[in-house]
There are 4 protein chains.
Amino acid sequence: MQMITALSPLLRPKSVLLVNKLRTKPVVDAIQALLSYVWEKYPDVKVYHEDRPDIPEGVHVWKPGPDAQKIDLVVTLGGDGTILHASSLFKVGAVPPVLSFSMGTLGFLLPFHIDDFAKAIDSAFEGGAAVLHRMRLSCTFQDKSGSQIGTDFEEWQVMNEVALHRGSSPHLNTIDVFVDGQHLTEAVSDGLIVSTPTGSTAYSLSAGGPIVHPSLSAIVLTPICPRSLSFRPLVFPSSSSITLRIGDRSRASAGLSMDGQISHVLSPGESVTVQASLYPIPCINRSSIADPDESREGVGPGKEDDWVRDINNLLQYNATFRSKALLRHSRT
Amino acid sequence: MQMITALSPLLRPKSVLLVNKLRTKPVVDAIQALLSYVWEKYPDVKVYHEDRPDIPEGVHVWKPGPDAQKIDLVVTLGGDGTILHASSLFKVGAVPPVLSFSMGTLGFLLPFHIDDFAKAIDSAFEGGAAVLHRMRLSCTFQDKSGSQIGTDFEEWQVMNEVALHRGSSPHLNTIDVFVDGQHLTEAVSDGLIVSTPTGSTAYSLSAGGPIVHPSLSAIVLTPICPRSLSFRPLVFPSSSSITLRIGDRSRASAGLSMDGQISHVLSPGESVTVQASLYPIPCINRSSIADPDESREGVGPGKEDDWVRDINNLLQYNATFRSKALLRHSRT
Amino acid sequence: MQMITALSPLLRPKSVLLVNKLRTKPVVDAIQALLSYVWEKYPDVKVYHEDRPDIPEGVHVWKPGPDAQKIDLVVTLGGDGTILHASSLFKVGAVPPVLSFSMGTLGFLLPFHIDDFAKAIDSAFEGGAAVLHRMRLSCTFQDKSGSQIGTDFEEWQVMNEVALHRGSSPHLNTIDVFVDGQHLTEAVSDGLIVSTPTGSTAYSLSAGGPIVHPSLSAIVLTPICPRSLSFRPLVFPSSSSITLRIGDRSRASAGLSMDGQISHVLSPGESVTVQASLYPIPCINRSSIADPDESREGVGPGKEDDWVRDINNLLQYNATFRSKALLRHSRT
Amino acid sequence: MQMITALSPLLRPKSVLLVNKLRTKPVVDAIQALLSYVWEKYPDVKVYHEDRPDIPEGVHVWKPGPDAQKIDLVVTLGGDGTILHASSLFKVGAVPPVLSFSMGTLGFLLPFHIDDFAKAIDSAFEGGAAVLHRMRLSCTFQDKSGSQIGTDFEEWQVMNEVALHRGSSPHLNTIDVFVDGQHLTEAVSDGLIVSTPTGSTAYSLSAGGPIVHPSLSAIVLTPICPRSLSFRPLVFPSSSSITLRIGDRSRASAGLSMDGQISHVLSPGESVTVQASLYPIPCINRSSIADPDESREGVGPGKEDDWVRDINNLLQYNATFRSKALLRHSRT
Ligand SMILES: NC(=O)C1=CN([C@@H]2O[C@H](COP(=O)(O)OP(=O)(O)OC[C@H]3O[C@@H](n4cnc5c(N)ncnc54)[C@H](O)[C@@H]3O)[C@@H](O)[C@H]2O)C=CC1
Ligand SMILES: NC(=O)C1=CN([C@@H]2O[C@H](COP(=O)(O)OP(=O)(O)OC[C@H]3O[C@@H](n4cnc5c(N)ncnc54)[C@H](O)[C@@H]3O)[C@@H](O)[C@H]2O)C=CC1
Ligand SMILES: NC(=O)C1=CN([C@@H]2O[C@H](COP(=O)(O)OP(=O)(O)OC[C@H]3O[C@@H](n4cnc5c(N)ncnc54)[C@H](O)[C@@H]3O)[C@@H](O)[C@H]2O)C=CC1
Ligand SMILES: NC(=O)C1=CN([C@@H]2O[C@H](COP(=O)(O)OP(=O)(O)OC[C@H]3O[C@@H](n4cnc5c(N)ncnc54)[C@H](O)[C@@H]3O)[C@@H](O)[C@H]2O)C=CC1
């Protein structure tokens with residue numbers, strides 16, 4: 001899978017899905033400004049929104065599912081959670097390119113500030129936008145006998161991670177981990193995280209996992225507070241299939257959350273199997289609107305890596321001890 | 001505080017509290033054998049038990065609290081959880097020496113195997129038993145205005161740790177940490193652990209904390225899955241007072257558990273203050289019954305350190321990669 | 001790149017290179033036995049060895065380099081270091097399949113025990129051996145002006161890692177890290193490791209890096225004792241180019257070692273650039289001789305993963321605290 | 001040992017030792033200004049300096065050793081290394097209080113900025129300065145037979161740590177660790193660090209150790225790149241005696257450095273024994289000159305903790321991901 005591609009100028013979007021969770025004043029205003037801009041400049045574009053009472057005027061209702069209206073471009077406004085939610089709307093089939101705007105707070109999944117919307121929209125409509133295909137994971141569930149629970153259609157897709165956690169149970173979980181059907185280990189812990197490279201800077205990072213570049217196709221397994229000195233994060237090829245099975249004698253069930261949404265409780269004997277999804281999320285990158293003049297030496301437009309900036313600016317990666325060296329620290 | 005002392009032979013126990021949680025056949029049998037042995041050899045000893053329908057014959061009911069019958073020796077049978085429970089029964093005033101038997105599974109807090117009970121009981125009754133005074137922490141609670149909640153009497157005592165955790169809330173907590181009244185940091189995380197040295201091999205270890213020798217007087221602060229690259233475990237002198245206050249804008253409350261028992265939920269603005277307790281738990285050590293002949297060079301009886309053996313045998317501390325070196329690993 | 005393939009039965013080796021570092025009695029005996037077996041069963045095979053005074057009878061001298069005699073199969077006897085050495089002999093062009101025997105101690109790179117040599121040799125000669133293409137890294141060096149040092153030919157290839165370290169200098173290094181020409185961070189540390197997935201269980205693991213499955217194509221960057229709380233291991237796609245440049249004001253030079261061999265000292269301003277090599281090492285896998293009867297459920301021969309066994313058996317990955325649970329730990 | 005005390009106003013210093021390593025213009029100027037101030041305000045004070053050609057006028061030569069001229073106050077100018085050097089001058093007997101000035105760069109051991117020298121000097125001379133007694137470690141050396149090497153007098157004292165490291169040897173060390181004569185573990189690693197609480201923010205921190213408050217009396221053992229998944233930092237009571245013995249079959253010797261100065265090479269069979277020194281270093285604290293008006297709520301002067309500020313300001317402890325939240329991150 002090629003991880004970074006450019007949007008073709010021929011595929012000018014005809015249908016746009018607008019996704020937002022909050023309805024605060026700045027979000028509402030931003031949506032109005034964005035709609036005016038789009039409709040003035042690209043009058044034939046149809047805009048959709050999830051079904052909610054407060055849907056903006058002129059915008060059509062969109063319902064997810066196998067019969068959903070085809071969407072050419074998704075535009076999200078809000079925090080990282082908003083794009084995670086947008087991802088959850090596309091469970092079957094390919095996902096349209098996603099253009100994500102922050103309302104002020106930075107985020108790993110939020111390449112554009114809302115103030116730059118015109119430039120970003122144009123780049124998406126007129127072609128040439130650089131797209132990072134962020135890998136997703138899909139999950140299926142098995143009962144004690146190992147049989148699939150639910151129909152094929154009810155597959156789940158995550159962008160960050162699938163996490164099992166004891167939640168508010170006082171007791172540790174026992175989880176058997178299988179890789180491609182082979183027993184890897186029995187984890188006695190608070191839980192386990194199966195993460196995409198995108199999710200490697202989310203929960204997995206907090207639990208001690210490595211930072212994985214989102215253009216690598218890989219699956220990360222990170223334990224949460226394991227009762228073992230010798231548990232380390234593991235990185236698998238994206239062709240791997242990881243099964244987490246609650247041990248038969250586990251003292252606790254495990255709540256399963258997907259991208260932070262708790263969805264299932266797995267009881268002893270039940271399992272979840274996680275694999276790379278066939279449908280990554282094409283995310284439009286900041287470098288799409290990078291000003292060639294601003295680019296630093298050796299870094300051409302489109303070549304520049306949002307990720308390098310993000311781990312420095314957002315995570316304060318390797319912030320050295322010396323950066324306040326010149327401050328005066330005792331005062332008369 | 002002197003951390004290791006010897007029980008005086010003059011203080012032969014007159015009243016013994018028997019603590020067990022499980023009532024499985026091996027436990028019931030062991031209790032019978034132990035009672036017969038004690039009553040035959042030390043006929044004047046009165047044995048107590050918490051109030052339960054299945055209390056053994058000849059054993060008196062004991063109720064915890066400020067007016068509780070005085071106890072000279074506590075004997076526990078079961079896992080680490082049993083001694084944690086025994087500790088929770090002594091919230092006010094000094095704790096009598098504790099003699100702990102495992103039923104087969106090893107534990108950090110379980111120096112004696114039930115099969116060795118005669119030797120261990122004798123050592124406790126006839127003096128000379130080595131006692132490790134395990135530090136405890138006591139907690140008080142404050143409301144949003146900072147006023148104490150509850151009366152002085154309702155203080156809590158823990159042997160392992162006080163832990164705050166988001167539990168099954170999907171959202172991260174924001175917790176302000178104060179040391180001796182000074183703001184230390186704001187933690188955005190799954191939770192925080194304030195641990196004794198004893199507890200440093202329990203939850204704190206799983207969360208990445210250091211292993212602290214139980215004869216050191218210190219308090220360990222360990223974050224659980226912090227959203228920060230630069231959070232590290234901290235070790236404070238036991239004279240420190242640590243306050244954990246749920247941030248006013250925290251998106252989640254935090255469940256507080258003490259030695260693994262969930263007791264309170266703290267809402268935004270509320271806090272818990274943790275300090276070294278005045279009442280450590282005197283735990284009778286394995287070296288009390290060490291056979292002088294078995295002792296290795298340089299390690300006299302009473303000097304030998306259970307802890308060194310435990311971190312090697314139980315935690316498999318620093319198990320090297322070579323220990324299976326002589327195994328054959330491919331077979332014809 | 002497909003990471004696991006099968007050796008074709010058509011390509012029966014005509015020339016075999018024998019690699020060993022030690023000349024202990026067991027090694028000499030094993031070589032004799034192996035040679036007898038090969039020559040009896042495959043009489044037309046020519047066997048080579050590096051030029052050393054004690055080369056076995058009937059074996060030809062082999063010299064590495066661009067004009068080296070073509071080799072169809074490499075056989076190594078010894079520790080992990082022996083196969084690392086074998087790798088270093090093939091700096092230019094494709095590497096022949098490698099069959100590695102341990103002399104008793106296990107190793108990640110040593111799938112076969114010497115006692116099983118007949119079965120392993122047959123599987124390599126008669127086809128069907130499963131081969132894992134282990135990624136290598138190649139290095140080039142730049143002077144202060146950024147110009148290449150040395151000719152194109154003098155490229156270096158490593159199987160585990162390239163490591164920069166202050167060595168016995170008392171002072172910390174300052175190293176600038178660039179990814180695809182973009183400045184990533186300035187590392188103040190004892191050193192840095194750029195590792196293959198194979199090397200992720202070697203030095204990088206000791207320095208805190210994740211364990212990466214060897215069939216994933218990726219590059220791991222792990223700091224050695226960084227003066228920063230917020231340095232984490234990073235995992236890059238194998239298409240990345242990583243440049244490590246000693247800072248102009250670095251107080252120390254840095255010794256560069258490749259697979260544990262110290263080769264260069266880089267002074268302030270000098271740099272090394274590391275990229276995936278075009279020439280992985282095809283390593284014959286243990287599953288090549290797996291007995292189908294022994295295979296566990298769901299794991300067909302050739303599908304079974306040496307790596308899963310190795311991280312459990314060799315690294316004692318996630319060895320739980322309970323495995324000695326049934327031992328008796330106090331004795332009368 | 002009480003860790004924080006106040007200098008008595010009765011003990012006005014009569015003899016001051018000036019310590020600096022660098023002779024840059026700012027240092028020379030600062031020394032002149034400081035000398036003028038001291039001599040004008042406290043004319044009877046005698047000032048000393050180590051023997052160097054460029055000793056300032058009016059300053060006397062001072063030679064370390066058992067017969068050294070008695071010193072009442074040490075004043076250091078420079079980086080953390082300068083105070084480490086000052087510590088190394090006092091190997092026998094009690095150490096006078098130390099007042100340390102930074103020349104601009106912050107440091108954990110550098111409470112005062114040179115611009116504040118008048119205020120700090122006055123506080124030291126006129127009493128009331130708060131003094132933190134920083135624990136030191138002392139070392140003795142043993143040969144293969146276990147006999148002491150050197151005379152009693154040749155004891156070494158460190159303020160940060162004793163570190164063993166393979167240095168530029170390509171091979172791992174094997175080091176046996178003993179605690180109070182009992183074998184704790186065999187470490188196969190790059191090296192080991194035995195650190196004071198003061199040193200817990202130095203090399204030990206880089207190697208993954210916990211941060212220990214300097215007023216706790218404890219010894220930290222931190223491995224450097226161990227070949228084991230299950231090595232964790234350990235914290236011992238200060239009464240412990242730690243012996244590090246190079247394994248008889250260790251493939252490498254180990255360079256021993258004390259506070260960053262390489263001093264010995266230990267060969268297989270040789271050992272170093274580390275214990276708390278009888279002579280801590282009394283370091284004058286920043287709170288000595290804290291302006292009561294500046295103090296924050298709940299933190300009285302003298303109670304305020306430099307350390308809390310330092311781990312936040314210098315180490316950027318737990319710097320959260322959100323601190324740049326309001327920055328705009330894409331620009332038109
Ligand atoms: N202890 C922890 O670190 C926990 C983390 N999470 C993460 O939160 C995610 C859900 O996010 P929200 O719905 O926004 O919940 P939220 O509002 O509770 O935010 C979680 C935080 O994670 C950040 N985040 C989300 N995805 C990220 C990514 N790929 N890289 C870097 N940072 C990222 C968000 O910006 C936010 O700061 C989950 O997928 C999980 O990864 C969830 C629970 C605990
Ligand atoms: N992820 C984790 O590691 C978690 C650990 N815990 C620990 O469990 C403790 C409660 O124990 P139980 O009631 O037995 O619950 P439990 O039956 O769930 O056991 C927890 C495990 O911790 C062990 N343990 C308890 N205290 C220990 C100590 N001081 N040193 C070494 N190991 C210790 C027990 O032997 C048992 O294996 C809590 O105080 C907490 O420390 C609780 C929740 C999560
Ligand atoms: N602190 C550490 O962990 C250090 C590790 N090394 C490693 O040693 C390697 C050189 O090995 P030798 O020449 O045998 O030196 P060596 O004889 O000093 O052995 C180093 C150890 O690493 C093991 N090893 C080597 N490659 C491995 C791999 N890919 N996965 C798992 N274990 C592996 C060896 O079996 C041996 O136990 C270097 O490439 C480097 O990775 C080198 C220096 C320090
Ligand atoms: N990888 C690492 O982190 C290494 C650290 N060191 C440390 O350097 C110390 C020697 O210091 P210098 O002579 O100044 O050498 P240096 O000039 O090489 O500085 C080492 C760094 O450590 C800092 N430092 C020293 N003591 C500290 C403390 N107690 N807490 C926080 N930071 C501290 C210094 O300010 C400096 O930034 C050694 O005692 C050792 O702790 C030495 C070698 C490697």
# chains A, B, ... in the order shown; residues from 1 in each chain; ligands from 1
call {"tool": "residues_around", "arguments": {"residues": "Val274 of chain D", "least_positions_apart": "6", "cutoff": "10 Å", "atoms": "only C-alpha atoms", "output": "list in words"}}
result
Leu137, Ser138, Cys139, Thr140, Phe141, Trp156, Gln157, Val158, Glu161, Val162, Val179, Val194, Ser195, Ile219, Ser240, Ser241, Ile242, Thr243 and Leu244 of chain D
call {"tool": "write_last_selection", "arguments": {"atoms": "N, CA, C and O atoms", "output": "PDB file, in the first residue's frame"}}
result
ATOM      1  N   LEU D 137      28.122   9.401  48.757  1.00  0.00           N
ATOM      2  CA  LEU D 137      28.488   7.987  48.842  1.00  0.00           C
ATOM      3  C   LEU D 137      29.990   7.891  48.950  1.00  0.00           C
ATOM      4  O   LEU D 137      30.724   8.680  48.347  1.00  0.00           O
ATOM      5  N   SER D 138      30.466   6.907  49.732  1.00  0.00           N
ATOM      6  CA  SER D 138      31.914   6.697  49.744  1.00  0.00           C
ATOM      7  C   SER D 138      32.214   5.307  49.199  1.00  0.00           C
ATOM      8  O   SER D 138      31.411   4.387  49.331  1.00  0.00           O
ATOM      9  N   CYS D 139      33.358   5.176  48.563  1.00  0.00           N
ATOM     10  CA  CYS D 139      33.715   3.927  47.879  1.00  0.00           C
ATOM     11  C   CYS D 139      35.005   3.371  48.435  1.00  0.00           C
ATOM     12  O   CYS D 139      35.940   4.115  48.739  1.00  0.00           O
ATOM     13  N   THR D 140      35.047   2.060  48.485  1.00  0.00           N
ATOM     14  CA  THR D 140      36.316   1.373  48.741  1.00  0.00           C
ATOM     15  C   THR D 140      36.450   0.289  47.676  1.00  0.00           C
ATOM     16  O   THR D 140      35.451  -0.129  47.075  1.00  0.00           O
ATOM     17  N   PHE D 141      37.688  -0.153  47.468  1.00  0.00           N
ATOM     18  CA  PHE D 141      37.946  -1.085  46.380  1.00  0.00           C
ATOM     19  C   PHE D 141      38.525  -2.387  46.918  1.00  0.00           C
ATOM     20  O   PHE D 141      39.293  -2.383  47.885  1.00  0.00           O
ATOM     21  N   TRP D 156      36.877   7.386  48.628  1.00  0.00           N
ATOM     22  CA  TRP D 156      36.353   8.323  47.656  1.00  0.00           C
ATOM     23  C   TRP D 156      34.960   8.731  48.051  1.00  0.00           C
ATOM     24  O   TRP D 156      34.217   7.949  48.619  1.00  0.00           O
ATOM     25  N   GLN D 157      34.620   9.945  47.723  1.00  0.00           N
ATOM     26  CA  GLN D 157      33.307  10.475  48.065  1.00  0.00           C
ATOM     27  C   GLN D 157      32.650  11.022  46.809  1.00  0.00           C
ATOM     28  O   GLN D 157      33.254  11.795  46.083  1.00  0.00           O
ATOM     29  N   VAL D 158      31.414  10.646  46.573  1.00  0.00           N
ATOM     30  CA  VAL D 158      30.716  11.215  45.420  1.00  0.00           C
ATOM     31  C   VAL D 158      29.385  11.830  45.837  1.00  0.00           C
ATOM     32  O   VAL D 158      28.776  11.439  46.826  1.00  0.00           O
ATOM     33  N   GLU D 161      27.045  10.063  41.738  1.00  0.00           N
ATOM     34  CA  GLU D 161      26.998   8.618  41.548  1.00  0.00           C
ATOM     35  C   GLU D 161      28.370   8.007  41.319  1.00  0.00           C
ATOM     36  O   GLU D 161      29.321   8.676  40.941  1.00  0.00           O
ATOM     37  N   VAL D 162      28.396   6.704  41.535  1.00  0.00           N
ATOM     38  CA  VAL D 162      29.486   5.849  41.091  1.00  0.00           C
ATOM     39  C   VAL D 162      28.917   5.064  39.909  1.00  0.00           C
ATOM     40  O   VAL D 162      27.849   4.464  40.032  1.00  0.00           O
ATOM     41  N   VAL D 179      24.137  -6.950  48.083  1.00  0.00           N
ATOM     42  CA  VAL D 179      23.579  -5.965  49.019  1.00  0.00           C
ATOM     43  C   VAL D 179      23.800  -6.488  50.418  1.00  0.00           C
ATOM     44  O   VAL D 179      23.344  -7.596  50.745  1.00  0.00           O
ATOM     45  N   VAL D 194      25.296   3.502  40.815  1.00  0.00           N
ATOM     46  CA  VAL D 194      24.860   3.592  42.209  1.00  0.00           C
ATOM     47  C   VAL D 194      24.803   5.076  42.524  1.00  0.00           C
ATOM     48  O   VAL D 194      25.830   5.761  42.508  1.00  0.00           O
ATOM     49  N   SER D 195      23.608   5.559  42.793  1.00  0.00           N
ATOM     50  CA  SER D 195      23.399   6.999  42.827  1.00  0.00           C
ATOM     51  C   SER D 195      22.840   7.468  44.158  1.00  0.00           C
ATOM     52  O   SER D 195      22.111   6.746  44.843  1.00  0.00           O
ATOM     53  N   ILE D 219      19.715   5.041  48.530  1.00  0.00           N
ATOM     54  CA  ILE D 219      20.690   4.720  47.486  1.00  0.00           C
ATOM     55  C   ILE D 219      19.935   4.090  46.325  1.00  0.00           C
ATOM     56  O   ILE D 219      19.115   3.206  46.520  1.00  0.00           O
ATOM     57  N   SER D 240      22.409   0.664  53.548  1.00  0.00           N
ATOM     58  CA  SER D 240      22.845  -0.497  52.767  1.00  0.00           C
ATOM     59  C   SER D 240      24.271  -0.338  52.272  1.00  0.00           C
ATOM     60  O   SER D 240      24.759   0.766  52.041  1.00  0.00           O
ATOM     61  N   SER D 241      24.896  -1.480  52.092  1.00  0.00           N
ATOM     62  CA  SER D 241      26.227  -1.494  51.496  1.00  0.00           C
ATOM     63  C   SER D 241      26.106  -2.266  50.179  1.00  0.00           C
ATOM     64  O   SER D 241      25.648  -3.405  50.167  1.00  0.00           O
ATOM     65  N   ILE D 242      26.484  -1.609  49.075  1.00  0.00           N
ATOM     66  CA  ILE D 242      26.316  -2.212  47.749  1.00  0.00           C
ATOM     67  C   ILE D 242      27.699  -2.560  47.193  1.00  0.00           C
ATOM     68  O   ILE D 242      28.558  -1.685  47.105  1.00  0.00           O
ATOM     69  N   THR D 243      27.889  -3.811  46.842  1.00  0.00           N
ATOM     70  CA  THR D 243      29.153  -4.194  46.225  1.00  0.00           C
ATOM     71  C   THR D 243      28.927  -4.606  44.779  1.00  0.00           C
ATOM     72  O   THR D 243      28.027  -5.391  44.486  1.00  0.00           O
ATOM     73  N   LEU D 244      29.726  -4.042  43.894  1.00  0.00           N
ATOM     74  CA  LEU D 244      29.675  -4.402  42.472  1.00  0.00           C
ATOM     75  C   LEU D 244      30.979  -5.113  42.138  1.00  0.00           C
ATOM     76  O   LEU D 244      32.062  -4.535  42.266  1.00  0.00           O
TER      77      LEU D 244
END
call {"tool": "select_by_dssp", "arguments": {"residues": "segment 53-265 of chain B", "states": "helix (DSSP H, G or I)", "output": "number ranges by chain"}}
result
B: 80-89, 114-125, 198-201, 203-206
call {"tool": "closest_atom_pairs", "arguments": {"of": "chain D", "to": "chain C", "cutoff": "10 Å", "atoms": "only C-alpha atoms", "output": "tab-separated table"}}
result
residue	atom	partner	partner_atom	distance
D:His165	CA	C:Ser168	CA	8.3
D:Arg166	CA	C:Gly167	CA	7.9
D:Gly167	CA	C:Ser168	CA	4.2
D:Ser168	CA	C:Gly167	CA	4.3
D:Ser169	CA	C:Gly167	CA	7.8
D:Pro170	CA	C:Gly260	CA	5.9
D:His171	CA	C:Gly260	CA	7.8
D:Val188	CA	C:Ser206	CA	10.0
D:Ser189	CA	C:Ser206	CA	7.8
D:Asp190	CA	C:Ser206	CA	8.8
D:Thr201	CA	C:Arg227	CA	9.3
D:Ala202	CA	C:Arg227	CA	8.0
D:Tyr203	CA	C:Cys225	CA	7.6
D:Ser204	CA	C:Cys225	CA	8.5
D:Leu205	CA	C:Arg227	CA	7.7
D:Ser206	CA	C:Cys225	CA	4.4
D:Ala207	CA	C:Cys225	CA	4.7
D:Gly208	CA	C:Cys225	CA	7.5
D:Pro223	CA	C:Ser206	CA	9.7
D:Ile224	CA	C:Cys225	CA	7.6
D:Cys225	CA	C:Ser206	CA	4.4
D:Pro226	CA	C:Ser206	CA	5.1
D:Arg227	CA	C:Ser206	CA	5.3
D:Ser228	CA	C:Ser206	CA	6.8
D:Leu229	CA	C:Leu315	CA	7.1
D:Ser230	CA	C:Asn318	CA	8.8
D:Phe231	CA	C:Ser206	CA	9.7
D:Gly255	CA	C:Ser168	CA	7.8
D:Ser257	CA	C:Pro170	CA	8.2
D:Asp259	CA	C:Pro170	CA	9.7
D:Gly260	CA	C:Pro170	CA	5.9
D:Gln261	CA	C:Pro170	CA	6.6
D:Ile262	CA	C:Pro170	CA	7.0
D:Leu315	CA	C:Leu229	CA	7.1
D:Gln316	CA	C:Leu229	CA	7.8
D:Tyr317	CA	C:Leu229	CA	7.2
D:Asn318	CA	C:Leu229	CA	8.4
D:Ala319	CA	C:Ser230	CA	8.9
call {"tool": "select_by_dssp", "arguments": {"residues": "segment 128-188 of chain D", "states": "strand (DSSP E)", "output": "PyMOL selection string"}}
result
chain D and resi 130-134+137-142+148-149+156-158+161-165+173-179+182-188
call {"tool": "residues_around", "arguments": {"residues": "Leu22 of chain A", "least_positions_apart": "3", "cutoff": "9 Å", "atoms": "only C-alpha atoms", "output": "list of chain:residue names"}}
result
A:Val27, A:Val28, A:Leu77, A:Gly78, A:Thr82
call {"tool": "atom_distance", "arguments": {"atom1": "atom CA of Val45 of chain D", "atom2": "atom CA of Val74 of chain D"}}
result
12.5 Å
call {"tool": "residues_around", "arguments": {"residues": "Ser250 of chain B", "least_positions_apart": "2", "cutoff": "8 Å", "atoms": "only C-alpha atoms", "output": "PyMOL selection string"}}
result
chain B and resi 172-175+246-248+252-253+268
call {"tool": "write_last_selection", "arguments": {"atoms": "all heavy atoms", "output": "compact mmCIF listing (two decimals), in the first residue's frame"}}
result
# COMPACT_ATOMS: atom_id res chain seq x y z
N LEU B 172 -9.88 10.89 30.21
CA LEU B 172 -8.73 11.09 31.07
C LEU B 172 -9.09 11.98 32.26
O LEU B 172 -9.90 12.89 32.14
CB LEU B 172 -7.63 11.79 30.25
CG LEU B 172 -7.07 10.94 29.11
CD1 LEU B 172 -6.57 11.82 27.98
CD2 LEU B 172 -5.93 10.11 29.65
N ASN B 173 -8.44 11.73 33.39
CA ASN B 173 -8.55 12.62 34.54
C ASN B 173 -7.56 13.75 34.45
O ASN B 173 -6.48 13.59 33.89
CB ASN B 173 -8.11 11.88 35.82
CG ASN B 173 -9.14 10.90 36.27
OD1 ASN B 173 -10.29 11.26 36.38
ND2 ASN B 173 -8.71 9.67 36.53
N THR B 174 -7.88 14.83 35.11
CA THR B 174 -6.89 15.87 35.35
C THR B 174 -6.75 15.98 36.86
O THR B 174 -7.72 16.25 37.56
CB THR B 174 -7.37 17.21 34.76
OG1 THR B 174 -7.61 17.01 33.38
CG2 THR B 174 -6.32 18.28 34.94
N ILE B 175 -5.56 15.73 37.35
CA ILE B 175 -5.35 15.72 38.81
C ILE B 175 -4.19 16.65 39.15
O ILE B 175 -3.10 16.54 38.57
CB ILE B 175 -5.02 14.29 39.32
CG1 ILE B 175 -6.16 13.32 38.97
CG2 ILE B 175 -4.77 14.29 40.83
CD1 ILE B 175 -5.87 11.86 39.30
N ILE B 246 -8.71 16.49 42.24
CA ILE B 246 -9.27 16.37 40.90
C ILE B 246 -9.47 17.78 40.33
O ILE B 246 -10.08 18.62 40.99
CB ILE B 246 -10.64 15.63 40.92
CG1 ILE B 246 -10.56 14.37 41.78
CG2 ILE B 246 -11.11 15.30 39.52
CD1 ILE B 246 -9.55 13.36 41.34
N GLY B 247 -8.92 18.02 39.15
CA GLY B 247 -8.97 19.36 38.54
C GLY B 247 -10.41 19.81 38.35
O GLY B 247 -11.29 19.01 38.05
N ASP B 248 -10.63 21.11 38.49
CA ASP B 248 -12.00 21.62 38.41
C ASP B 248 -12.62 21.34 37.05
O ASP B 248 -13.82 21.14 36.93
CB ASP B 248 -12.02 23.13 38.69
CG ASP B 248 -11.79 23.42 40.16
OD1 ASP B 248 -12.40 22.72 40.99
OD2 ASP B 248 -11.00 24.32 40.48
N ALA B 252 -13.41 13.77 33.93
CA ALA B 252 -13.85 12.56 34.60
C ALA B 252 -13.64 12.66 36.10
O ALA B 252 -12.73 13.35 36.57
CB ALA B 252 -13.08 11.36 34.06
N SER B 253 -14.49 12.00 36.87
CA SER B 253 -14.24 11.78 38.29
C SER B 253 -13.16 10.72 38.38
O SER B 253 -12.71 10.17 37.37
CB SER B 253 -15.49 11.25 38.99
OG SER B 253 -16.61 11.96 38.58
N PRO B 268 -14.62 16.43 40.57
CA PRO B 268 -13.78 17.61 40.34
C PRO B 268 -13.80 18.54 41.55
O PRO B 268 -14.87 18.84 42.10
CB PRO B 268 -14.41 18.25 39.10
CG PRO B 268 -14.92 17.07 38.32
CD PRO B 268 -15.41 16.10 39.36
call {"tool": "atom_distance", "arguments": {"atom1": "atom 30 (N, counted along the ligand's line) of ligand 4", "atom2": "atom CA of Ser200 of chain D"}}
result
6.7 Å
